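Visitor: Below is the file data-v2.txt, which contains compact mmCIF, C-alpha atoms.
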```txt
# COMPACT_ATOMS: atom_id res chain seq x y z
CA MET R 168 110.69 -142.06 -11.57
CA LYS R 169 112.15 -138.88 -10.24
CA MET R 170 112.94 -140.65 -7.04
CA LEU R 171 114.51 -143.46 -8.95
CA SER R 172 116.75 -141.12 -10.83
CA PHE R 173 117.60 -139.45 -7.58
CA SER R 174 118.55 -142.77 -6.13
CA LEU R 175 120.69 -143.55 -9.07
CA CYS R 176 122.42 -140.22 -8.71
CA LEU R 177 123.18 -141.03 -5.14
CA LEU R 178 124.65 -144.27 -6.29
CA GLN R 179 127.01 -142.30 -8.39
CA VAL R 180 128.08 -140.27 -5.40
CA CYS R 181 129.30 -143.41 -3.73
CA GLY R 182 130.36 -145.19 -6.85
CA LEU R 183 132.88 -142.53 -7.61
CA ALA R 184 134.91 -143.59 -4.69
CA MET R 185 135.54 -146.83 -6.50
CA THR R 186 136.03 -145.77 -10.10
CA THR R 187 137.79 -142.97 -11.84
CA SER R 188 135.88 -140.75 -14.20
CA ALA R 189 138.38 -141.52 -16.96
CA GLU R 190 137.59 -145.20 -16.69
CA THR R 191 133.88 -144.79 -16.66
CA THR R 192 133.33 -142.07 -19.21
CA SER R 193 134.38 -144.22 -22.10
CA LEU R 194 131.82 -146.84 -21.12
CA LEU R 195 128.90 -144.46 -20.93
CA PRO R 196 126.10 -144.60 -23.47
CA LEU R 197 125.53 -141.26 -25.12
CA PRO R 198 122.67 -139.33 -23.55
CA PRO R 199 119.61 -138.86 -25.75
CA ILE R 200 119.77 -135.78 -27.93
CA PRO R 201 117.06 -133.36 -26.80
CA SER R 202 114.56 -132.25 -29.39
CA GLU R 203 114.49 -128.67 -30.55
CA ALA R 204 111.13 -128.28 -28.83
CA ARG R 205 112.54 -129.50 -25.53
CA HIS R 206 115.54 -127.27 -25.90
CA LEU R 207 113.32 -124.24 -26.44
CA ALA R 208 111.06 -125.17 -23.53
CA MET R 209 113.99 -125.66 -21.16
CA GLU R 210 115.63 -122.42 -22.27
CA THR R 211 112.38 -120.59 -21.69
CA ALA R 212 111.80 -122.17 -18.29
CA LYS R 213 115.27 -121.07 -17.21
CA VAL R 214 113.80 -117.59 -16.94
CA PHE R 215 111.90 -118.77 -13.91
CA THR R 216 114.98 -120.18 -12.19
CA HIS R 217 116.06 -116.60 -11.64
CA GLU R 218 113.12 -116.39 -9.26
CA GLY R 219 114.06 -119.55 -7.38
CA PHE R 220 112.11 -122.11 -9.42
CA LYS R 221 113.50 -125.59 -9.93
CA ILE R 222 112.93 -127.14 -13.33
CA ARG R 223 111.94 -130.79 -13.42
CA ASP R 224 114.20 -132.31 -15.99
CA ASP R 225 111.45 -134.42 -17.48
CA GLU R 226 109.31 -133.29 -20.35
CA TRP R 227 106.01 -134.05 -22.01
CA ALA R 228 106.82 -134.44 -25.70
CA PHE R 229 103.86 -134.56 -28.06
CA MET R 230 102.54 -133.67 -31.48
CA LEU R 231 99.82 -131.03 -31.62
CA ASP R 232 97.53 -130.72 -34.61
CA LYS R 233 95.57 -127.58 -35.25
CA THR R 234 92.19 -128.78 -34.06
CA THR R 235 92.74 -131.21 -31.20
CA PRO R 236 94.07 -129.93 -27.87
CA GLN R 237 96.24 -132.26 -25.80
CA PHE R 238 95.85 -132.82 -22.06
CA LEU R 239 98.10 -134.16 -19.31
CA GLN R 240 97.24 -135.07 -15.72
CA LEU R 241 99.27 -133.51 -12.94
CA THR R 242 99.38 -133.58 -9.17
CA LEU R 243 100.08 -130.15 -7.70
CA PHE R 244 100.57 -129.17 -4.09
CA ALA R 245 99.22 -126.27 -2.09
CA GLY R 246 102.16 -124.22 -0.89
CA ASN R 247 104.12 -124.61 -4.12
CA HIS R 248 104.19 -122.23 -7.06
CA TYR R 249 104.39 -123.75 -10.56
CA TRP R 250 105.17 -122.61 -14.09
CA LEU R 251 104.28 -124.87 -17.02
CA THR R 252 106.07 -123.93 -20.23
CA VAL R 253 105.30 -125.27 -23.69
CA ALA R 254 107.39 -124.68 -26.79
CA SER R 255 107.45 -125.61 -30.45
CA PRO R 256 110.26 -124.86 -32.89
CA THR R 257 107.73 -124.09 -35.62
CA ALA R 258 107.50 -120.39 -36.25
CA GLY R 259 104.19 -118.65 -36.68
CA SER R 260 102.07 -120.80 -34.43
CA THR R 261 100.24 -119.45 -31.41
CA LEU R 262 100.12 -121.83 -28.48
CA ARG R 263 97.90 -121.59 -25.45
CA VAL R 264 98.55 -123.54 -22.26
CA THR R 265 95.70 -123.74 -19.76
CA LEU R 266 95.46 -125.31 -16.34
CA TYR R 267 92.25 -127.09 -15.31
CA ASP R 268 91.10 -128.32 -11.91
CA ALA R 269 90.11 -131.93 -11.21
CA GLN R 270 86.62 -131.26 -12.56
CA GLY R 271 88.02 -129.88 -15.80
CA HIS R 272 87.22 -126.23 -15.15
CA PRO R 273 89.87 -123.73 -16.23
CA VAL R 274 91.91 -122.36 -13.36
CA LYS R 275 92.81 -118.72 -13.48
CA GLY R 276 96.56 -118.41 -13.43
CA GLU R 277 99.35 -116.17 -14.56
CA ALA R 278 99.56 -116.44 -18.32
CA TRP R 279 102.71 -115.75 -20.25
CA HIS R 280 103.33 -115.68 -23.95
CA ARG R 281 105.67 -114.12 -26.42
CA ASP R 282 104.25 -112.27 -29.36
CA ASP R 283 107.14 -112.54 -31.81
CA ALA R 284 107.23 -115.69 -33.86
CA GLN R 285 110.96 -116.39 -34.11
CA PRO R 286 112.57 -118.84 -33.61
CA GLY R 287 109.55 -120.80 -32.43
CA SER R 288 106.37 -120.59 -30.44
CA LEU R 289 106.18 -120.38 -26.68
CA ALA R 290 103.56 -120.10 -23.96
CA ALA R 291 103.47 -120.63 -20.21
CA VAL R 292 101.05 -120.56 -17.33
CA GLY R 293 101.78 -120.11 -13.65
CA ILE R 294 99.75 -121.15 -10.64
CA ALA R 295 100.03 -121.30 -6.87
CA PRO R 296 97.28 -123.85 -6.08
CA GLN R 297 95.20 -123.41 -2.96
CA LEU R 298 94.48 -127.11 -2.80
CA SER R 299 96.69 -130.12 -3.32
CA GLY R 300 95.28 -132.52 -5.83
CA SER R 301 94.78 -133.50 -9.42
CA TYR R 302 94.90 -130.97 -12.17
CA TYR R 303 95.07 -131.06 -15.94
CA VAL R 304 97.21 -129.00 -18.24
CA GLY R 305 95.90 -128.47 -21.76
CA VAL R 306 97.80 -127.22 -24.80
CA GLU R 307 96.08 -125.98 -27.95
CA ARG R 308 96.78 -123.99 -31.07
CA LEU R 309 94.97 -120.74 -31.62
CA GLU R 310 96.10 -120.08 -35.19
CA GLN R 311 94.80 -121.72 -38.34
CA SER R 312 98.12 -122.42 -40.02
CA PRO R 313 100.41 -124.18 -40.66
CA ASP R 314 98.51 -127.37 -41.26
CA LEU R 315 101.21 -129.78 -40.19
CA PRO R 316 101.20 -131.04 -36.60
CA LEU R 317 103.59 -129.22 -34.31
CA ASP R 318 106.39 -130.88 -32.40
CA CYS R 319 105.85 -129.62 -28.84
CA SER R 320 107.49 -130.02 -25.46
CA LEU R 321 106.14 -129.05 -22.05
CA VAL R 322 108.35 -128.67 -18.99
CA MET R 323 107.47 -127.84 -15.41
CA ALA R 324 109.14 -125.66 -12.82
CA TYR R 325 108.23 -125.32 -9.15
CA LYS R 326 109.31 -123.63 -5.96
CA MET H 85 125.82 -119.03 -33.91
CA LEU H 86 123.66 -121.33 -31.90
CA THR H 87 124.79 -119.75 -28.66
CA GLY H 88 123.99 -116.29 -29.96
CA ARG H 89 120.61 -117.41 -31.15
CA TYR H 90 119.63 -118.68 -27.77
CA PHE H 91 121.11 -115.70 -26.03
CA VAL H 92 118.76 -113.55 -28.07
CA LEU H 93 115.93 -115.94 -27.32
CA LEU H 94 116.66 -115.80 -23.63
CA ALA H 95 116.71 -112.02 -23.73
CA LEU H 96 113.38 -111.93 -25.56
CA VAL H 97 111.91 -114.40 -23.15
CA THR H 98 113.11 -112.39 -20.19
CA LEU H 99 111.60 -109.25 -21.63
CA GLY H 100 108.44 -111.10 -22.50
CA CYS H 101 108.09 -112.46 -19.02
CA HIS H 102 108.14 -109.06 -17.49
CA GLY H 103 106.45 -107.21 -20.28
CA VAL H 104 103.74 -109.43 -21.73
CA CYS H 105 102.31 -111.03 -18.61
CA ALA H 106 98.56 -111.09 -18.90
CA GLU H 107 95.57 -112.90 -17.53
CA THR H 108 94.84 -116.30 -18.97
CA PRO H 109 92.56 -116.02 -22.03
CA GLU H 110 89.21 -117.65 -21.53
CA ALA H 111 89.22 -121.36 -22.16
CA LEU H 112 86.28 -123.74 -22.24
CA PRO H 113 85.88 -126.42 -19.58
CA MET H 114 87.19 -129.82 -20.55
CA THR H 115 84.75 -132.28 -22.00
CA LYS H 116 84.23 -135.69 -20.44
CA GLU H 117 86.09 -137.26 -23.34
CA GLN H 118 89.01 -134.91 -22.91
CA LYS H 119 89.27 -135.77 -19.21
CA GLN H 120 89.12 -139.48 -19.93
CA GLY H 121 91.69 -139.16 -22.68
CA ALA H 122 94.13 -137.05 -20.68
CA LEU H 123 97.57 -138.58 -20.60
CA PHE H 124 99.15 -139.78 -17.36
CA LEU H 125 102.88 -139.52 -17.82
CA ASP H 126 104.87 -140.95 -14.93
CA ALA H 127 107.70 -138.53 -15.58
CA LEU H 128 105.57 -135.48 -14.82
CA SER H 129 102.24 -136.71 -13.46
CA ILE H 130 103.87 -138.29 -10.41
CA PRO H 131 105.43 -135.63 -8.22
CA SER H 132 108.79 -136.28 -6.64
CA PRO H 133 109.17 -136.47 -2.86
CA GLY H 134 111.25 -133.32 -3.20
CA GLU H 135 108.25 -131.53 -4.64
CA VAL H 136 105.92 -132.42 -1.79
CA PHE H 137 108.67 -131.80 0.75
CA ALA H 138 109.12 -128.33 -0.74
CA ALA H 139 105.42 -127.65 -0.29
CA LEU H 140 105.53 -128.82 3.32
CA THR H 141 108.62 -126.76 4.00
CA ALA H 142 106.79 -123.67 2.82
CA GLU H 143 103.71 -124.59 4.82
CA CYS H 144 105.06 -125.71 8.17
CA HIS H 145 108.85 -125.41 8.25
CA PRO H 146 109.64 -128.89 9.58
CA ASN H 147 112.94 -129.67 11.21
CA TRP H 148 114.25 -132.05 8.56
CA VAL H 149 117.28 -132.99 10.65
CA THR H 150 115.04 -134.88 13.06
CA LEU H 151 113.47 -136.79 10.17
CA VAL H 152 116.66 -138.27 8.77
CA THR H 153 116.43 -142.03 9.25
CA PRO H 154 119.41 -144.32 8.70
CA ALA H 155 118.36 -147.37 6.70
CA THR H 156 120.16 -150.36 5.31
CA ALA H 157 119.27 -152.34 2.23
CA PRO H 158 117.72 -155.75 2.93
CA MET H 159 119.45 -159.03 2.22
CA THR H 160 117.19 -160.39 -0.47
CA SER H 161 117.16 -161.52 -4.06
CA ASP H 162 113.52 -160.56 -4.60
CA ARG H 163 113.61 -157.97 -7.39
CA THR H 164 110.27 -156.52 -6.32
CA GLN H 165 111.58 -155.89 -2.83
CA LEU H 166 114.83 -154.49 -4.19
CA ALA H 167 113.01 -152.05 -6.46
CA LEU H 168 110.75 -150.98 -3.62
CA THR H 169 113.83 -150.53 -1.44
CA LEU H 170 115.35 -148.29 -4.05
CA GLY H 171 112.30 -146.04 -3.80
CA VAL H 172 112.41 -145.91 -0.02
CA LEU H 173 116.09 -145.10 -0.02
CA ALA H 174 115.54 -142.46 -2.68
CA ALA H 175 112.95 -140.73 -0.51
CA ASN H 176 115.43 -140.93 2.35
CA GLY H 177 117.91 -139.22 0.10
CA TYR H 178 115.51 -136.34 -0.48
CA ILE H 179 115.06 -136.05 3.27
CA ALA H 180 118.84 -135.98 3.75
CA VAL H 181 119.11 -133.24 1.15
CA ALA H 182 116.32 -131.28 2.84
CA ALA H 183 118.16 -131.73 6.14
CA GLN H 184 121.40 -130.75 4.42
CA ASP H 185 123.08 -133.83 5.88
CA GLY H 186 125.97 -134.65 3.56
CA GLN H 187 127.07 -137.75 5.44
CA GLN H 188 123.60 -139.21 5.31
CA VAL H 189 123.37 -138.53 1.58
CA LYS H 190 126.53 -140.57 1.13
CA ASN H 191 125.26 -143.33 3.43
CA VAL H 192 122.03 -143.58 1.51
CA GLY H 193 124.02 -143.68 -1.71
CA ARG H 194 126.09 -146.62 -0.50
CA GLU H 195 122.98 -148.58 0.33
CA MET H 196 121.54 -147.78 -3.05
CA MET H 197 124.67 -149.01 -4.76
CA THR H 198 124.13 -152.34 -3.06
CA VAL H 199 120.55 -152.47 -4.30
CA ALA H 200 121.41 -151.32 -7.81
CA LYS H 201 124.09 -153.96 -8.14
CA ALA H 202 121.62 -156.60 -7.05
CA LEU H 203 119.17 -155.33 -9.65
CA GLY H 204 121.84 -155.28 -12.34
CA VAL H 205 121.50 -151.61 -13.15
CA SER H 206 124.59 -150.16 -11.51
CA GLU H 207 126.75 -150.35 -14.61
CA ASN H 208 124.63 -147.69 -16.28
CA LEU H 209 124.84 -145.20 -13.48
CA MET H 210 128.03 -143.38 -14.27
CA GLY H 211 128.54 -139.84 -15.44
CA ARG H 212 127.71 -137.06 -13.09
CA GLY H 213 129.32 -138.46 -9.98
CA ASN H 214 132.30 -136.14 -9.67
CA SER H 215 130.18 -133.05 -9.33
CA LEU H 216 127.66 -134.76 -7.08
CA MET H 217 130.41 -135.89 -4.74
CA GLU H 218 131.87 -132.43 -4.74
CA PHE H 219 128.50 -130.78 -4.11
CA ALA H 220 127.73 -133.15 -1.23
CA GLU H 221 131.09 -132.58 0.38
CA ASN H 222 130.92 -128.82 -0.07
CA SER H 223 127.32 -128.56 1.11
CA ALA H 224 126.33 -126.98 -2.20
CA TRP H 225 122.72 -128.07 -1.78
CA ASP H 226 121.14 -126.05 -4.54
CA SER H 227 123.72 -127.28 -7.02
CA LEU H 228 123.35 -130.84 -5.78
CA SER H 229 119.61 -130.66 -6.14
CA ALA H 230 119.87 -129.23 -9.64
CA GLU H 231 122.41 -131.85 -10.67
CA LEU H 232 120.16 -134.60 -9.40
CA GLU H 233 117.22 -133.18 -11.32
CA ALA H 234 119.28 -133.00 -14.49
CA THR H 235 119.96 -136.72 -14.58
CA GLU H 236 116.32 -137.81 -14.47
CA GLN H 237 115.68 -138.00 -18.14
CA GLU H 238 118.90 -139.86 -18.74
CA ILE H 239 118.26 -142.44 -16.04
CA ARG H 240 114.66 -143.08 -17.02
CA THR H 241 115.68 -143.58 -20.60
CA THR H 242 118.28 -146.09 -19.43
CA MET H 243 115.80 -148.03 -17.34
CA ILE H 244 113.21 -148.10 -20.09
CA GLY H 245 115.92 -149.14 -22.52
CA GLN H 246 116.59 -152.13 -20.29
CA LYS H 247 112.88 -152.93 -20.35
CA ASP H 248 112.68 -152.36 -16.60
CA HIS H 249 109.46 -150.34 -16.57
CA HIS H 250 108.19 -152.44 -13.70
CA LEU H 251 111.15 -151.52 -11.53
CA VAL H 252 110.58 -147.86 -12.23
CA THR H 253 106.93 -148.15 -11.23
CA LEU H 254 107.78 -150.00 -8.03
CA SER H 255 110.42 -147.50 -7.04
CA SER H 256 108.07 -144.60 -7.69
CA VAL H 257 105.37 -146.20 -5.56
CA ALA H 258 107.73 -146.94 -2.68
CA ALA H 259 109.17 -143.44 -2.73
CA TRP H 260 105.67 -141.99 -2.70
CA LEU H 261 104.61 -144.20 0.23
CA ARG H 262 107.77 -143.35 2.15
CA GLY H 263 107.05 -139.70 1.41
CA LEU H 264 103.54 -140.16 2.72
CA GLU H 265 104.92 -141.70 5.90
CA ILE H 266 107.17 -138.71 6.47
CA THR H 267 104.68 -136.03 5.49
CA THR H 268 101.97 -137.43 7.75
CA GLN H 269 104.53 -137.54 10.55
CA ILE H 270 105.28 -133.87 9.98
CA VAL H 271 101.62 -132.87 9.95
CA LEU H 272 100.82 -134.98 13.02
CA ALA H 273 103.61 -133.23 14.94
CA SER H 274 101.64 -130.00 14.68
CA ASP H 275 98.82 -129.41 17.15
CA GLN H 276 96.96 -127.51 14.44
CA LEU H 277 97.75 -130.17 11.82
CA LYS H 278 99.53 -127.58 9.72
CA GLY H 279 100.14 -128.86 6.23
CA VAL H 280 97.17 -131.21 6.18
CA ASP H 281 95.97 -129.68 2.92
CA VAL H 282 99.30 -130.50 1.30
CA VAL H 283 99.04 -134.16 2.26
CA ARG H 284 95.37 -134.58 1.43
CA GLU H 285 95.74 -136.05 -2.06
CA PRO H 286 94.01 -139.42 -2.49
CA THR H 287 93.79 -139.49 -6.27
CA LEU H 288 97.45 -140.17 -6.90
CA ALA H 289 97.51 -143.03 -4.39
CA ARG H 290 94.57 -144.63 -6.21
CA HIS H 291 96.26 -144.19 -9.55
CA LEU H 292 99.49 -145.78 -8.32
CA ALA H 293 97.47 -148.67 -6.91
CA SER H 294 95.93 -149.20 -10.33
CA GLU H 295 99.39 -149.19 -11.91
CA LEU H 296 100.54 -151.88 -9.49
CA GLU H 297 97.56 -153.99 -10.42
CA LEU H 298 98.86 -154.11 -13.97
CA LEU H 299 102.19 -155.62 -12.95
CA PRO H 300 102.63 -159.35 -13.54
CA GLU H 301 101.60 -161.70 -10.75
CA ARG H 302 105.10 -163.18 -10.60
CA MET H 303 106.30 -159.89 -9.09
CA ASN H 304 104.11 -160.54 -6.06
CA LYS H 305 106.12 -163.55 -5.02
CA GLY H 306 106.88 -162.22 -1.54
CA GLY H 307 103.52 -160.51 -1.14
CA LEU H 308 104.98 -157.01 -1.01
CA LEU H 309 103.42 -155.91 -4.27
CA ALA H 310 99.91 -156.67 -3.02
CA LYS H 311 100.68 -155.08 0.34
CA ALA H 312 101.93 -151.93 -1.32
CA ARG H 313 98.79 -151.77 -3.42
CA GLN H 314 96.59 -152.32 -0.38
CA THR H 315 98.44 -149.62 1.55
CA LEU H 316 97.89 -147.20 -1.32
CA LEU H 317 94.18 -147.99 -1.43
CA ASP H 318 93.77 -147.71 2.35
CA SER H 319 95.70 -144.45 2.40
CA ALA H 320 93.55 -143.06 -0.40
CA GLN H 321 90.43 -144.02 1.50
CA GLN H 322 91.66 -142.38 4.69
CA LEU H 323 92.74 -139.20 2.93
CA ASP H 324 89.48 -139.07 1.03
CA SER H 325 87.24 -139.43 4.06
CA MET H 326 89.22 -137.71 6.78
CA GLY H 327 86.51 -135.13 7.32
CA ALA H 328 86.87 -131.55 8.41
CA THR H 329 87.37 -131.79 12.14
CA PRO H 330 90.84 -131.98 13.68
CA ALA H 331 89.95 -135.19 15.50
CA THR H 332 88.87 -137.11 12.41
CA GLN H 333 91.75 -135.72 10.41
CA ARG H 334 94.27 -136.70 13.06
CA ALA H 335 92.83 -140.20 13.28
CA ALA H 336 93.00 -140.62 9.50
CA LEU H 337 96.56 -139.32 9.31
CA GLU H 338 97.63 -141.60 12.13
CA ARG H 339 96.29 -144.61 10.24
CA VAL H 340 98.01 -143.57 7.04
CA HIS H 341 101.25 -143.03 8.92
CA GLU H 342 101.00 -146.36 10.69
CA GLU H 343 100.30 -148.32 7.53
CA THR H 344 102.97 -146.65 5.45
CA ALA H 345 105.53 -147.00 8.25
CA ASN H 346 104.74 -150.70 8.56
CA LEU H 347 105.15 -151.19 4.85
CA THR H 348 108.48 -149.36 4.87
CA LYS H 349 109.68 -151.70 7.60
CA GLU H 350 108.62 -154.72 5.59
CA ILE H 351 110.32 -153.43 2.48
CA LEU H 352 113.57 -152.90 4.34
CA ALA H 353 113.40 -156.22 6.21
CA SER H 354 115.73 -158.95 5.05
CA SER H 355 113.86 -161.90 3.61
CA ASP H 356 114.79 -164.29 6.40
CA ALA H 357 113.64 -161.76 8.97
CA VAL H 358 110.20 -161.23 7.48
CA THR H 359 107.43 -163.08 9.24
CA PRO H 360 106.09 -165.59 6.76
CA THR H 361 102.70 -164.58 5.51
CA VAL H 362 100.36 -165.84 2.85
CA ALA H 363 100.89 -163.50 -0.06
CA PRO H 364 97.59 -161.86 -0.97
CA LYS H 365 96.76 -162.27 -4.64
CA MET H 366 96.89 -159.19 -6.78
CA GLY H 367 93.54 -157.78 -7.70
CA THR H 368 91.96 -158.70 -4.39
CA THR H 369 91.19 -156.08 -1.81
CA THR H 370 91.46 -156.83 1.87
CA THR H 371 90.60 -154.69 4.82
CA PRO H 372 93.20 -154.53 7.56
CA ALA H 373 91.97 -155.63 10.96
CA HIS H 374 92.28 -152.19 12.48
CA LEU H 375 90.13 -150.73 9.71
CA ALA H 376 87.52 -153.44 9.67
CA HIS H 377 85.32 -152.18 12.45
```
Would you write out, as structure tokens, the structure that this file holds?
Guide:
Amino acid sequence: MKMLSFSLCLLQVCGLAMTTSAETTSLLPLPPIPSEARHLAMETAKVFTHEGFKIRDDEWAFMLDKTTPQFLQLTLFAGNHYWLTVASPTAGSTLRVTLYDAQGHPVKGEAWHRDDAQPGSLAAVGIAPQLSGSYYVGVERLEQSPDLPLDCSLVMAYK
Amino acid sequence: MLTGRYFVLLALVTLGCHGVCAETPEALPMTKEQKQGALFLDALSIPSPGEVFAALTAECHPNWVTLVTPATAPMTSDRTQLALTLGVLAANGYIAVAAQDGQQVKNVGREMMTVAKALGVSENLMGRGNSLMEFAENSAWDSLSAELEATEQEIRTTMIGQKDHHLVTLSSVAAWLRGLEITTQIVLASDQLKGVDVVREPTLARHLASELELLPERMNKGGLLAKARQTLLDSAQQLDSMGATPATQRAALERVHEETANLTKEILASSDAVTPTVAPKMGTTTTPAHLAH
């Protein structure tokens, strides 16, 4: 998908030679409005761009209840360094993001979290894998309240 | 108000990053059910060619300029082939960016425009072009890369909105296979096979093969869908069983490179130039002659 979007971007590079932006802008569909969770996650991940990380523009959007952790498969490469950032706009929740190897064992990484609860809840984990391969990222809630499921977004940065 | 809020947030985050870093709290291993239930999200679970190229750049510093390959879109009306072509060209675009070859980026873009028009998706591809053109012409590679990344979500949403999930899958597969062709070439160019650990990732190839199996049989009209699936399975097998010695690893990488390169050629071949073959049915697994013994 990333490659597809890249290809489509390249199309725009050439397509511009044939159309003016004034002509095309009015025909464009409005881009989707990002969720508050995504906005928070992207804003948080921007911290890592100061250290040369590139943020993948895609997100994992999901609802997280207080008892059931959520897991996503990833393929990570030796030689790269990654930060996985999860955010929820709901104040007062404590999130934990954990990376697991292909066997499901937790991988020790650099953990990051913010203690204050406003305006939302954030957590991140960093890893520089020694082996390319499949990994899992898990997100869970460590607090007992609030009861309602949280609207969460996870974004990934790499360099 | 909103700006100020996020300025404060950014400041807190920055402080937090440098002041609250700690070791990961203990977490329990995943259960079997959790592993089986883990989501596979194409948007994040499939890495981009740029991601694996970045890893290889860090590992073995390839000369990307020598890897830039001019390619033209095939003359065909087969939507499967066109979608696969889009993926190949996209991977070529990443290579051109890595090589910082502005002219090649534009050339690749022109070819993609041809393909996108044939697929009927070009009318939705407007928006960020001015800055992309400017970045390419001014060799602002970091900005170009970031701008490209920023359009992903928008483009995927557009494709899904057009109910073209299959095209997205095909393009992703082709880009991954083209990436595999290039990365194995890079590793094979090293006497010590530097970067072999980056390339050695069979699981994703198997997963992509399983995704192709779910596509409708009608998309295998020209046989390319089945060939792509078979190439993924063969590559996964080679990467999985390449062993630990340089000789076995080199032999496995050579086979992966050969198969992926052959598939790329077939994808880019115009329909009337492709040697007629009996299209293998989806869901069947064949062993190529050179792997049979």
Visitor: Take CA of Thr235 (chain R) and CA of Lys119 (chain H) and report the distance between them in Å, one decimal.
Guide: 13.3 Å
Visitor: Of the residues H:Glu285, H:Asp318, H:Glu342, H:Glu297, which is the one nearest to chain R, using only C-alpha atoms?
Guide: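 Looking only at the distances to chain R, the closest residue turns out to be H:Glu285.
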Visitor: Kindly list the centre and edge lengths in Å, rounded to one decimal, for the axis-aligned box that covers all listed atoms of region 248-267 of chain H plus 4 Å on each of its six sides, as JSON.
Guide:
```
{"center_x": 108.1, "center_y": -144.2, "center_z": -5.1, "size_x": 17.1, "size_y": 24.4, "size_z": 31.1}
```
Visitor: Just checking: using only C-alpha atoms, which residue out of H:Val205, H:Trp148, H:Arg163, H:Ala157 ends up closest to Asp185 (chain H)?
Guide: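 Among H:Val205, H:Trp148, H:Arg163, H:Ala157, it is H:Trp148 that comes nearest to Asp185 (chain H).
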Visitor: Measuring atom to atom with only C-alpha atoms, identify which of H:Lys116, H:Arg339, H:Lys349, H:Arg290 is nearest to chain R.
Guide: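 Comparing H:Lys116, H:Arg339, H:Lys349, H:Arg290 against chain R, the winner is H:Lys116.
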Visitor: Counting only C-alpha atoms, what is within 9 Å of Met114 (chain H), bar same-chain residues fewer than 2 positions away, as a list in words?
Guide: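 Everything that qualifies: Tyr267, Gln270, Gly271, His272, Pro273 and Gly305 of chain R; Ala111, Leu112, Lys116, Glu117, Gln118 and Lys119 of chain H.
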Visitor: I'd like the contact shell of Ala182 (chain H) - 10 Å cut-off, all atoms listed in the file, skipping same-chain residues fewer than 4 positions apart - returned as an NGL selection string.
Guide: :H and (134 or 137-138 or 141 or 146-149 or 151-152 or 176-178 or 225 or 229)
Visitor: CA of Ala139 (chain H) to CA of Leu296 (chain H): how many Å, to one decimal?
Guide: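 These two atoms are separated by 26.4 Å.
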Visitor: Need the neighbours of (96.2, -133.4, -3.9): which residues are at most 9 Å away, counting all atoms listed in the file, as a count of residues only?
Guide: 17
Visitor: Hey, which of H:Leu317, H:Val271, H:Leu337, H:Leu308 ends up closest to Ala258 (chain H)? Count all atoms listed in the file.
Guide: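 Nearest candidate to Ala258 (chain H) out of H:Leu317, H:Val271, H:Leu337, H:Leu308: H:Leu308.
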Visitor: Calculate how many Å separate CA of Tyr325 (chain R) from CA of Tyr249 (chain R), rounding to one decimal.
Guide: 4.4 Å
Visitor: Neighbouring residues of Glu226 (chain R) were defined as those with any atom within 7 Å, considering all atoms listed in the file; residues of the same chain fewer than 6 positions away were excluded. Please report them as a list in words.
Guide: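 Close residues of Glu226 (chain R): Ser320, Leu321 and Val322 of chain R.
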Visitor: Check the smallest atom-to-atom distance from each of H:Lys305, H:Lys190, H:Lys247, H:Arg262 to chain R using all atoms listed in the file, then report the winner.
Guide: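 Selected residue with least distance to chain R: H:Lys190.
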Visitor: Under the rule that all atoms listed in the file are counted, which of R:Pro236, R:Arg308, R:Gly259, R:Asp225 is the nearest residue to chain H?
Guide: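 Ranked by minimum distance to chain H, first place goes to R:Asp225.
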